[in-house]
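Asker: Structure file my_file30.tsv (TSV, C-alpha atoms) is given on the next line.
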```tsv
chain	number	residue	atom	x	y	z
A	1	MET	CA	-156.98	-77.70	13.09
A	2	LYS	CA	-155.72	-81.20	12.35
A	3	ILE	CA	-153.94	-83.09	15.13
A	4	CYS	CA	-152.61	-86.63	14.93
A	5	ILE	CA	-152.05	-88.79	18.00
A	6	ILE	CA	-149.59	-91.60	17.46
A	7	ASN	CA	-149.03	-94.31	20.07
A	8	GLY	CA	-146.27	-96.87	20.03
A	9	PRO	CA	-145.79	-100.38	21.34
A	10	ASN	CA	-148.00	-101.89	24.02
A	11	LEU	CA	-150.20	-98.80	24.30
A	12	ASN	CA	-152.95	-100.88	22.69
A	13	LEU	CA	-153.05	-102.65	26.07
A	14	LEU	CA	-154.05	-99.58	28.08
A	15	GLY	CA	-156.79	-100.49	30.51
A	16	LYS	CA	-155.31	-103.98	30.92
A	17	ARG	CA	-151.55	-103.41	31.22
A	18	GLU	CA	-150.18	-102.46	34.63
A	19	PRO	CA	-153.22	-100.47	35.77
A	20	GLU	CA	-151.26	-99.18	38.78
A	21	VAL	CA	-149.00	-97.34	36.30
A	22	TYR	CA	-151.28	-96.72	33.32
A	23	GLY	CA	-154.81	-96.70	34.77
A	24	ASN	CA	-157.93	-98.67	33.85
A	25	GLN	CA	-159.17	-96.73	30.82
A	26	THR	CA	-158.48	-97.86	27.26
A	27	PHE	CA	-156.98	-95.31	24.91
A	28	GLU	CA	-159.98	-95.62	22.61
A	29	GLU	CA	-162.28	-94.58	25.48
A	30	TYR	CA	-160.04	-91.63	26.29
A	31	PHE	CA	-159.76	-90.66	22.61
A	32	THR	CA	-163.55	-90.48	22.37
A	33	THR	CA	-163.65	-88.06	25.31
A	34	LEU	CA	-161.08	-85.83	23.57
A	35	GLN	CA	-163.14	-85.81	20.39
A	36	ILE	CA	-166.27	-84.81	22.31
A	37	LYS	CA	-164.47	-82.16	24.37
A	38	TYR	CA	-162.73	-80.60	21.35
A	39	PRO	CA	-165.19	-80.86	18.44
A	40	ALA	CA	-163.39	-78.20	16.38
A	41	ILE	CA	-160.25	-80.37	16.18
A	42	GLU	CA	-159.96	-82.92	13.39
A	43	PHE	CA	-158.28	-85.84	15.16
A	44	THR	CA	-156.50	-88.78	13.64
A	45	TYR	CA	-155.34	-91.64	15.86
A	46	TYR	CA	-152.86	-94.35	15.02
A	47	GLN	CA	-151.22	-97.07	17.13
A	48	SER	CA	-148.62	-99.63	16.14
A	49	ASN	CA	-146.20	-101.98	17.83
A	50	ILE	CA	-143.89	-101.73	14.80
A	51	GLU	CA	-141.21	-99.02	14.61
A	52	GLY	CA	-141.22	-98.63	10.82
A	53	GLU	CA	-144.99	-98.17	10.75
A	54	LEU	CA	-144.71	-95.37	13.33
A	55	ILE	CA	-142.04	-93.66	11.21
A	56	GLY	CA	-144.29	-93.99	8.15
A	57	LYS	CA	-147.18	-92.28	9.95
A	58	ILE	CA	-144.95	-89.49	11.26
A	59	GLN	CA	-143.84	-88.85	7.67
A	60	GLU	CA	-147.41	-89.14	6.34
A	61	PHE	CA	-148.90	-86.58	8.74
A	62	GLY	CA	-145.79	-84.50	9.35
A	63	PHE	CA	-146.26	-82.11	6.42
A	64	SER	CA	-150.05	-81.67	6.42
A	65	TYR	CA	-151.12	-81.56	10.09
A	66	GLU	CA	-150.76	-78.71	12.57
A	67	GLY	CA	-149.34	-81.03	15.20
A	68	ILE	CA	-148.51	-84.55	16.26
A	69	ILE	CA	-148.84	-85.88	19.79
A	70	LEU	CA	-146.49	-88.85	20.06
A	71	ASN	CA	-146.15	-91.48	22.74
A	72	ALA	CA	-143.54	-93.76	21.22
A	73	GLY	CA	-143.56	-96.04	24.25
A	74	ALA	CA	-140.35	-98.02	24.63
A	75	TYR	CA	-139.13	-96.79	21.21
A	76	THR	CA	-138.59	-93.41	22.90
A	77	HIS	CA	-135.49	-94.89	24.50
A	78	THR	CA	-134.18	-96.89	21.54
A	79	SER	CA	-135.22	-95.42	18.19
A	80	ILE	CA	-132.87	-93.04	16.47
A	81	GLY	CA	-135.07	-93.54	13.38
A	82	ILE	CA	-138.15	-92.06	15.06
A	83	GLY	CA	-136.07	-89.13	16.32
A	84	ASP	CA	-134.76	-88.55	12.78
A	85	ALA	CA	-138.29	-88.72	11.33
A	86	ILE	CA	-139.43	-86.00	13.72
A	87	LYS	CA	-136.46	-83.85	12.76
A	88	ALA	CA	-137.33	-84.26	9.05
A	89	ILE	CA	-140.96	-83.08	9.20
A	90	THR	CA	-142.47	-79.60	9.51
A	91	ALA	CA	-145.31	-80.34	11.95
A	92	PRO	CA	-144.41	-79.75	15.59
A	93	VAL	CA	-144.35	-82.87	17.76
A	94	ILE	CA	-145.13	-83.06	21.46
A	95	GLU	CA	-143.63	-86.13	23.14
A	96	VAL	CA	-145.95	-87.51	25.82
A	97	HIS	CA	-145.73	-90.25	28.40
A	98	ILE	CA	-148.44	-91.43	30.74
A	99	SER	CA	-146.01	-92.22	33.55
A	100	ASN	CA	-143.16	-90.13	34.86
A	101	THR	CA	-140.33	-91.90	33.05
A	102	TYR	CA	-137.79	-90.35	35.43
A	103	SER	CA	-139.33	-92.18	38.39
A	104	ARG	CA	-138.91	-95.51	36.62
A	105	GLU	CA	-135.96	-97.63	35.44
A	106	SER	CA	-132.84	-95.67	34.46
A	107	PHE	CA	-133.00	-96.76	30.80
A	108	ARG	CA	-136.27	-94.80	30.53
A	109	HIS	CA	-134.43	-91.55	31.31
A	110	GLN	CA	-132.98	-91.43	27.76
A	111	SER	CA	-135.12	-90.11	24.89
A	112	TYR	CA	-134.19	-90.02	21.22
A	113	ILE	CA	-137.31	-87.92	20.61
A	114	SER	CA	-137.03	-85.04	23.08
A	115	GLY	CA	-134.25	-83.21	21.26
A	116	ASN	CA	-136.40	-82.88	18.14
A	117	ALA	CA	-139.76	-82.31	19.85
A	118	LYS	CA	-141.47	-78.99	20.49
A	119	GLY	CA	-141.97	-80.13	24.08
A	120	VAL	CA	-142.29	-83.07	26.44
A	121	ILE	CA	-145.15	-83.84	28.84
A	122	LEU	CA	-144.95	-86.79	31.18
A	123	GLY	CA	-146.38	-88.18	34.35
A	124	PHE	CA	-149.96	-86.87	34.20
A	125	GLY	CA	-151.61	-90.10	33.14
A	126	LEU	CA	-153.80	-89.90	30.07
A	127	GLN	CA	-154.20	-86.19	30.77
A	128	SER	CA	-150.70	-85.79	29.30
A	129	TYR	CA	-152.34	-86.02	25.85
A	130	GLU	CA	-154.80	-83.23	26.60
A	131	LEU	CA	-152.03	-81.02	27.99
A	132	ALA	CA	-150.17	-81.54	24.71
A	133	LEU	CA	-153.31	-80.74	22.75
A	134	VAL	CA	-153.87	-77.51	24.68
A	135	SER	CA	-150.31	-76.43	23.81
A	136	PHE	CA	-151.28	-76.54	20.13
A	137	ILE	CA	-154.52	-74.63	20.67
A	138	LYS	CA	-153.10	-71.77	22.74
```
Go ahead and express the file in the form of structure tokens.
Answerer:
Amino acid sequence: MKICIINGPNLNLLGKREPEVYGNQTFEEYFTTLQIKYPAIEFTYYQSNIEGELIGKIQEFGFSYEGIILNAGAYTHTSIGIGDAIKAITAPVIEVHISNTYSRESFRHQSYISGNAKGVILGFGLQSYELALVSFIK
């Protein structure tokens, strides 16, 4: 099974950025633990702060992978283009967020991704990614 994890803007700062919200672990450290825990999964990981690059990766993996786990960061709340890219592909997408976006600023309550995603997982810290992964396996 091939699963792609795509992270959007500022998620490259995990472990440094607002540790009270996002924790102290880098995503690369967490990604390594997923690879070790699920050796039968062929993982690809991509992170970008640039909207068009995220759309390009969704399109690249969206017809050949069994699933995409997407944390679009702030683009979740602003990018119609990312929502449209998800609608255009055949791979199911799980939208994830580390924090509970509904317990934060009101602008974070809107998602242009959710309506085109297979599901949404939020508020479980980095474990949100593993919960999304398990949904593809089961």
Asker: Distance table requested - stretch 49-131 of chain A against stretch 18-33 of chain A, cut-off 9 Å, all atoms listed in the file: one row per qualifying residue with the closest atom pair and its distance in Å to one decimal, ordered by chain and rising residue number, as CSV.
Answerer:
```
residue,atom,partner,partner_atom,distance
A:Ile98,CA,A:Tyr22,CA,6.5
A:Ser99,CA,A:Val21,CA,6.5
A:Gly125,CA,A:Tyr22,CA,6.6
A:Leu126,CA,A:Tyr30,CA,7.5
```
Asker: With a distance cut-off of 9 Å and all atoms listed in the file, select the neighbouring residues of A:Gly56, excluding the residue or stretch itself and same-chain residues fewer than 5 positions from it, and output the selection as a VMD selection string.
Answerer: chain A and resid 51 61 85
Asker: Save the residues we just selected, C-alpha atoms, as a JSON list (two decimals), keeping the file's coordinate frame?
Answerer:
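Wrote it out as out_2.json, contents follow:
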```json
[["chain", "number", "residue", "atom", "x", "y", "z"],
["A", 51, "GLU", "CA", -141.21, -99.02, 14.61],
["A", 61, "PHE", "CA", -148.90, -86.58, 8.74],
["A", 85, "ALA", "CA", -138.29, -88.72, 11.33]]
```
Asker: Point out the residue among A:His77, A:Lys16, A:Lys87, A:Lys57 with the least atom-to-atom distance to A:Cys4, counting only C-alpha atoms.
Answerer: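 For A:Cys4, the nearest of the candidates is A:Lys57.
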Asker: I'd like the neighbourhood of stretch 63-65 of chain A as a PyMOL selection string, where a residue qualifies if any of its atoms comes within 7 Å (using only C-alpha atoms), though same-chain residues fewer than 6 positions away should be ignored.
Answerer: chain A and resi 2-3+89-91
Asker: Return the single residue from A:Phe124, A:Ala132, A:Ile36, A:Phe43 that is closest to A:Leu70, with distances computed using all atoms listed in the file.
Answerer: A:Ala132
Asker: Do you know which residues are at most 8 Å from A:Thr78 counting all atoms listed in the file, after dropping those on the same chain fewer than 3 positions away, and could you put them as number ranges by chain?
Answerer: A: 74-75, 111-112
Asker: Fewer than 5 positions away in the same chain doesn't count, so skip those; otherwise give me all residues within 12 Å of A:Glu53, counting all atoms listed in the file, as a CSV table (one decimal) with C-alpha atoms, keeping the file's coordinate frame.
Answerer:
```
chain,number,residue,atom,x,y,z
A,6,ILE,CA,-149.6,-91.6,17.5
A,7,ASN,CA,-149.0,-94.3,20.1
A,8,GLY,CA,-146.3,-96.9,20.0
A,9,PRO,CA,-145.8,-100.4,21.3
A,46,TYR,CA,-152.9,-94.4,15.0
A,47,GLN,CA,-151.2,-97.1,17.1
A,48,SER,CA,-148.6,-99.6,16.1
A,58,ILE,CA,-145.0,-89.5,11.3
A,59,GLN,CA,-143.8,-88.8,7.7
A,60,GLU,CA,-147.4,-89.1,6.3
A,72,ALA,CA,-143.5,-93.8,21.2
A,81,GLY,CA,-135.1,-93.5,13.4
A,82,ILE,CA,-138.2,-92.1,15.1
A,85,ALA,CA,-138.3,-88.7,11.3
```
Asker: So how many Å separate atom CA of A:Gln127 and atom CA of A:Ile86, to one decimal?
Answerer: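 Separation between atom CA of A:Gln127 and atom CA of A:Ile86: 22.6 Å.
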Asker: Do you have the atom CA of A:Leu13-atom CA of A:Asn49 distance handy?
Answerer: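 It comes out at 10.7 Å.
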Asker: Residues at most 8 Å from A:Gly83, counting all atoms listed in the file, excluding those fewer than 6 positions away in the same chain, as a ChimeraX atom specification?
Answerer: /A:112-116
Asker: Pick out the closest residue to A:Lys37 from this set: A:Val120, A:Lys138, A:Glu130, A:Thr101. Count only C-alpha atoms.
Answerer: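 For A:Lys37, the nearest of the given residues is A:Glu130.
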Asker: Let me make sure I understand: among A:Ile121, A:Ile137, A:Ala88, A:Leu11, which one has the smallest atom-to-atom distance to A:Ile50 if we use only C-alpha atoms?
Answerer: A:Leu11
Asker: In Å to one decimal, how far is atom CA of A:Val93 from atom CA of A:Leu54?
Answerer: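 Those two atoms sit 13.3 Å apart.
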